[in-house]
$ cat upload-v9.cif   # mmCIF, C-alpha atoms
data_query
loop_
_atom_site.label_atom_id
_atom_site.label_comp_id
_atom_site.auth_asym_id
_atom_site.auth_seq_id
_atom_site.Cartn_x
_atom_site.Cartn_y
_atom_site.Cartn_z
CA ALA A 12 0.00 0.00 0.00
CA ARG A 13 2.86 2.37 0.80
CA LEU A 14 4.54 1.86 -2.58
CA PHE A 15 1.20 2.06 -4.40
CA ASP A 16 0.46 5.40 -2.71
CA ALA A 17 3.92 6.69 -3.62
CA VAL A 18 3.36 5.74 -7.27
CA LEU A 19 0.06 7.64 -7.36
CA VAL A 20 1.64 10.71 -5.76
CA SER A 21 4.57 10.63 -8.21
CA LEU A 22 2.20 10.65 -11.20
CA THR A 23 -0.30 13.22 -9.95
CA ASP A 24 0.98 16.39 -11.59
CA HIS A 25 3.53 17.41 -14.22
CA GLY A 26 2.80 21.13 -14.51
CA LEU A 27 1.21 22.81 -17.52
CA THR A 28 1.29 19.85 -19.86
CA PRO A 29 -0.93 19.65 -22.97
CA THR A 30 -3.40 17.49 -21.04
CA VAL A 31 -3.63 20.11 -18.29
CA LEU A 32 -4.05 22.89 -20.84
CA ALA A 33 -6.85 20.90 -22.50
CA ALA A 34 -8.62 20.64 -19.15
CA ARG A 35 -8.16 24.33 -18.34
CA LEU A 36 -9.34 25.47 -21.77
CA THR A 37 -12.38 23.21 -21.56
CA HIS A 38 -13.17 24.76 -18.19
CA THR A 39 -12.94 28.17 -19.88
CA GLY A 40 -15.69 27.18 -22.27
CA ALA A 41 -17.82 25.19 -19.81
CA PRO A 42 -17.02 26.26 -16.23
CA GLU A 43 -20.23 24.63 -15.03
CA SER A 44 -18.98 21.15 -16.03
CA LEU A 45 -16.06 19.97 -13.93
CA GLN A 46 -16.36 16.45 -15.31
CA ALA A 47 -16.03 17.69 -18.90
CA ALA A 48 -12.79 19.50 -18.09
CA VAL A 49 -11.37 16.46 -16.27
CA ALA A 50 -12.39 14.20 -19.16
CA ALA A 51 -10.74 16.52 -21.67
CA GLY A 52 -7.50 16.29 -19.73
CA LEU A 53 -7.63 12.50 -19.50
CA LEU A 54 -8.36 12.05 -23.21
CA GLY A 55 -4.92 13.39 -24.06
CA ALA A 56 -3.14 10.59 -22.21
CA GLY A 57 -1.26 8.40 -24.65
CA SER A 58 2.16 7.30 -25.82
CA VAL A 59 3.80 10.62 -24.91
CA PHE A 60 1.99 11.56 -21.69
CA LEU A 61 1.25 8.81 -19.12
CA GLY A 62 1.57 6.00 -21.66
CA PRO A 63 5.18 5.10 -20.71
CA THR A 64 3.90 3.76 -17.39
CA GLY A 65 2.09 0.91 -19.10
CA ASP A 66 4.64 0.55 -21.91
CA THR A 67 7.45 0.01 -19.40
CA ALA A 68 5.46 -2.48 -17.34
CA GLN A 69 4.64 -4.53 -20.45
CA PHE A 70 8.23 -4.40 -21.73
CA LEU A 71 9.64 -5.62 -18.42
CA ARG A 72 7.00 -8.34 -18.12
CA ASP A 73 7.83 -9.64 -21.60
CA VAL A 74 11.55 -9.78 -20.82
CA LEU A 75 10.97 -11.57 -17.50
CA ALA A 76 8.64 -14.08 -19.12
CA LYS A 77 11.61 -15.44 -21.08
CA LEU A 78 13.53 -16.14 -17.88
CA ASP A 79 11.05 -18.67 -16.45
CA GLY A 80 11.30 -17.32 -12.93
CA GLU A 81 15.08 -16.91 -12.87
CA ASP A 82 15.75 -13.46 -11.45
CA SER A 83 19.34 -13.54 -10.23
CA ASP A 84 21.33 -10.37 -10.81
CA GLU A 85 23.33 -12.09 -13.54
CA ALA A 86 20.21 -13.33 -15.31
CA LEU A 87 18.63 -9.88 -15.19
CA ARG A 88 21.79 -8.24 -16.55
CA ASP A 89 22.00 -10.69 -19.45
CA ALA A 90 18.29 -10.37 -20.23
CA ALA A 91 18.49 -6.57 -20.07
CA ALA A 92 21.46 -6.48 -22.43
CA ALA A 93 19.72 -8.72 -24.96
CA ALA A 94 16.48 -6.72 -24.80
CA VAL A 95 18.21 -3.35 -25.15
CA ARG A 96 20.35 -4.61 -28.01
CA ALA A 97 17.24 -5.79 -29.85
CA LEU A 98 15.56 -2.42 -29.38
CA HIS A 99 18.62 -0.55 -30.61
CA GLU A 100 18.92 -2.75 -33.69
CA SER A 101 15.28 -2.17 -34.58
CA GLY A 102 15.56 1.57 -34.02
CA ARG A 103 13.05 1.63 -31.18
CA ARG A 104 13.31 3.56 -27.94
CA VAL A 105 13.89 1.84 -24.62
CA PRO A 106 10.74 2.19 -22.47
CA GLY A 107 11.16 3.87 -19.10
CA LEU A 108 14.34 5.79 -19.89
CA GLY A 109 14.98 9.47 -20.55
CA HIS A 110 13.24 12.65 -19.47
CA PRO A 111 12.96 16.06 -21.21
CA ILE A 112 13.76 17.96 -18.00
CA HIS A 113 15.61 15.58 -15.70
CA LYS A 114 18.62 14.78 -17.89
CA GLU A 115 20.73 13.19 -15.17
CA LEU A 116 18.29 11.97 -12.53
CA ASP A 117 14.51 12.00 -12.15
CA PRO A 118 14.15 12.75 -8.42
CA ARG A 119 11.07 10.56 -8.10
CA VAL A 120 12.94 7.42 -9.06
CA PRO A 121 15.39 6.93 -6.17
CA ARG A 122 12.58 7.64 -3.70
CA LEU A 123 10.34 4.98 -5.27
CA TYR A 124 13.21 2.50 -5.09
CA GLU A 125 13.86 3.45 -1.46
CA ILE A 126 10.23 2.95 -0.51
CA ALA A 127 10.07 -0.38 -2.34
CA THR A 128 13.20 -1.55 -0.53
CA GLU A 129 11.99 -0.35 2.87
CA ALA A 130 8.60 -2.02 2.35
CA GLY A 131 10.19 -5.28 1.20
CA VAL A 132 8.56 -5.21 -2.23
CA LEU A 133 11.52 -4.40 -4.49
CA GLY A 134 10.83 -7.07 -7.08
CA PRO A 135 12.23 -8.31 -10.39
CA HIS A 136 10.58 -5.63 -12.53
CA MET A 137 12.21 -2.72 -10.71
CA ARG A 138 15.52 -4.59 -10.54
CA LEU A 139 15.33 -5.38 -14.25
CA LEU A 140 14.61 -1.73 -15.08
CA GLU A 141 17.83 -0.71 -13.35
CA ALA A 142 19.68 -3.38 -15.32
CA VAL A 143 18.08 -2.03 -18.51
CA ARG A 144 19.31 1.47 -17.68
CA ALA A 145 22.85 0.19 -17.18
CA ALA A 146 22.75 -1.89 -20.36
CA ASN A 147 21.46 1.02 -22.39
CA GLU A 148 24.31 3.22 -21.16
CA GLU A 149 26.88 0.53 -21.90
CA LEU A 150 25.58 -0.40 -25.33
CA GLY A 151 24.50 3.05 -26.47
CA GLY A 152 27.24 5.11 -24.88
CA ARG A 153 24.70 7.60 -23.59
CA ARG A 154 23.42 7.95 -20.05
CA LEU A 155 19.65 8.10 -19.90
CA PRO A 156 18.05 8.07 -16.44
CA ILE A 157 15.09 5.97 -15.47
CA ASN A 158 12.06 8.26 -15.62
CA GLY A 159 9.28 8.47 -13.07
CA ALA A 160 6.68 6.92 -15.35
CA GLY A 161 8.94 3.94 -16.04
CA ALA A 162 9.73 3.40 -12.36
CA ALA A 163 6.02 3.66 -11.59
CA GLY A 164 5.20 1.03 -14.20
CA ALA A 165 7.86 -1.30 -12.82
CA ALA A 166 6.60 -0.76 -9.27
CA LEU A 167 3.01 -1.50 -10.25
CA ALA A 168 4.15 -4.67 -12.00
CA ASP A 169 6.06 -5.78 -8.91
CA LEU A 170 2.89 -5.23 -6.89
CA GLY A 171 1.18 -7.78 -9.12
CA LEU A 172 -0.93 -5.39 -11.17
CA PRO A 173 -1.31 -6.28 -14.87
CA PRO A 174 0.56 -4.02 -17.32
CA ASP A 175 -2.59 -3.25 -19.31
CA LEU A 176 -4.03 -1.55 -16.22
CA ALA A 177 -0.91 0.49 -15.44
CA ARG A 178 -2.10 3.41 -17.57
CA GLY A 179 -5.41 3.26 -15.73
CA PHE A 180 -3.68 3.85 -12.41
CA ALA A 181 -1.70 6.68 -13.98
CA LEU A 182 -5.02 8.19 -15.09
CA LEU A 183 -6.35 7.77 -11.57
CA ALA A 184 -3.43 9.77 -10.21
CA ARG A 185 -3.66 12.40 -12.93
CA THR A 186 -7.36 12.92 -12.22
CA ALA A 187 -6.43 14.28 -8.81
CA GLY A 188 -3.86 16.54 -10.45
CA LEU A 189 -6.41 17.86 -12.95
CA VAL A 190 -8.88 18.65 -10.19
CA GLY A 191 -6.14 20.65 -8.49
CA HIS A 192 -5.43 22.57 -11.70
CA LEU A 193 -9.13 23.26 -12.20
CA ALA A 194 -9.43 24.56 -8.65
CA GLU A 195 -6.62 26.95 -9.46
CA GLU A 196 -8.20 27.80 -12.82
CA ALA A 197 -11.39 28.88 -11.04
CA GLU A 198 -9.43 31.32 -8.85
CA GLN A 199 -6.61 32.32 -11.20
CA PRO A 200 -7.89 31.82 -14.76
CA LEU A 201 -5.31 30.91 -17.35
CA GLY A 202 -7.60 29.63 -20.10
CA MET A 203 -9.01 32.93 -21.36
CA PRO A 204 -5.66 34.80 -21.31
CA LEU A 205 -4.09 31.87 -23.13
CA TYR A 206 -6.84 31.85 -25.75
CA ARG A 207 -6.50 35.61 -26.29
CA GLU A 208 -2.72 35.38 -26.55
CA ILE A 209 -2.97 32.74 -29.26
CA ASP A 210 -5.82 34.51 -31.04
CA GLU A 211 -3.84 37.74 -31.23
CA ARG A 212 -0.83 35.97 -32.67
CA MET A 213 -2.78 33.91 -35.18
CA VAL A 214 -1.94 34.57 -38.82
CA TYR A 215 -4.55 33.34 -41.28
CA GLU A 216 -3.11 32.11 -44.57
CA PRO A 217 -5.23 32.46 -47.74
#
$ encode --input "upload-v9.cif" --output "structure tokens"
Amino acid sequence: ARLFDAVLVSLTDHGLTPTVLAARLTHTGAPESLQAAVAAGLLGAGSVFLGPTGDTAQFLRDVLAKLDGEDSDEALRDAAAAAVRALHESGRRVPGLGHPIHKELDPRVPRLYEIATEAGVLGPHMRLLEAVRAANEELGGRRLPINGAGAAGAALADLGLPPDLARGFALLARTAGLVGHLAEEAEQPLGMPLYREIDERMVYEP
């Protein structure tokens, strides 16, 4: 329960993201409908925003499935290296790594690992994700940190939750964040000034 709560808190808010702006702008047009604004914000969740939580959980689960229950450090390192190499060769990104702001370290990640360790629930998915990070740095020559969404997905998987529901729990957390933004929007409106700013700058092409 402690790790699950920490995951939800870590995913609650990411500032003025496109999904938050969608919610705020919807509130501008329909301030009487809180649910419409929240729904607008949730509809924007996908492969870029919130999606990596589920993508990482599924990726780690698929890698572990090939190990038939073997989760020694050596086995995880070898499996991580093979999985990362396959992704690199196919030109695909490695799920759970990299962040547009936190280039060296996503501050949420070490805390999630600490809580998992303290609670005795640091499992093979979170351990494999760390091995994946190390393998990616070794094979790609570039240090990419584990991101919060990836660590959250690994944590949820270690708690026994299916990967296809990981995005659902991310949406649950983000709902609370959207309600907070909408509370602020009601007191300090951003939607109308934003609309006017864009409208004034708009250039219509014939």
$ residues_around --input "upload-v9.cif" --residues "A:Ala56" --least-positions-apart "3" --cutoff "12 Å" --atoms "all atoms listed in the file" --output "PyMOL selection string"
chain A and resi 28-31+33-34+49-53+59-65+178-183+185-186
$ atom_distance --input "upload-v9.cif" --atom1 "atom CA of A:Leu78" --atom2 "atom CA of A:Pro173"
18.1 Å
$ residues_around --input "upload-v9.cif" --residues "A:Gly26" --least-positions-apart "5" --cutoff "10 Å" --atoms "all atoms listed in the file" --output "list of chain:residue names"
A:Val31, A:Leu32, A:Gly188, A:Leu189, A:His192
$ closest_residue --input "upload-v9.cif" --among "A:Glu100, A:Asp169, A:Asp84, A:Asp16" --to "A:Leu71" --atoms "all atoms listed in the file"
A:Asp169
$ residues_around --input "upload-v9.cif" --residues "A:Ala92" --least-positions-apart "5" --cutoff "10 Å" --atoms "only C-alpha atoms" --output "VMD selection string"
chain A and resid 86 to 87 97 to 98 142 to 147 149 to 150
$ write_last_selection --input "upload-v9.cif" --atoms "C-alpha atoms" --output "PDB file, in the coordinates of the input"
ATOM      1  CA  ALA A  86      20.210 -13.330 -15.310  1.00  0.00           C
ATOM      2  CA  LEU A  87      18.630  -9.880 -15.190  1.00  0.00           C
ATOM      3  CA  ALA A  97      17.240  -5.790 -29.850  1.00  0.00           C
ATOM      4  CA  LEU A  98      15.560  -2.420 -29.380  1.00  0.00           C
ATOM      5  CA  ALA A 142      19.680  -3.380 -15.320  1.00  0.00           C
ATOM      6  CA  VAL A 143      18.080  -2.030 -18.510  1.00  0.00           C
ATOM      7  CA  ARG A 144      19.310   1.470 -17.680  1.00  0.00           C
ATOM      8  CA  ALA A 145      22.850   0.190 -17.180  1.00  0.00           C
ATOM      9  CA  ALA A 146      22.750  -1.890 -20.360  1.00  0.00           C
ATOM     10  CA  ASN A 147      21.460   1.020 -22.390  1.00  0.00           C
ATOM     11  CA  GLU A 149      26.880   0.530 -21.900  1.00  0.00           C
ATOM     12  CA  LEU A 150      25.580  -0.400 -25.330  1.00  0.00           C
TER      13      LEU A 150
END
$ residues_near_point --input "upload-v9.cif" --point "(16.2, 7.8, -17.3)" --cutoff "9 Å" --atoms "all atoms listed in the file" --output "PyMOL selection string"
chain A and resi 107-110+113-117+120+144+154-159+161
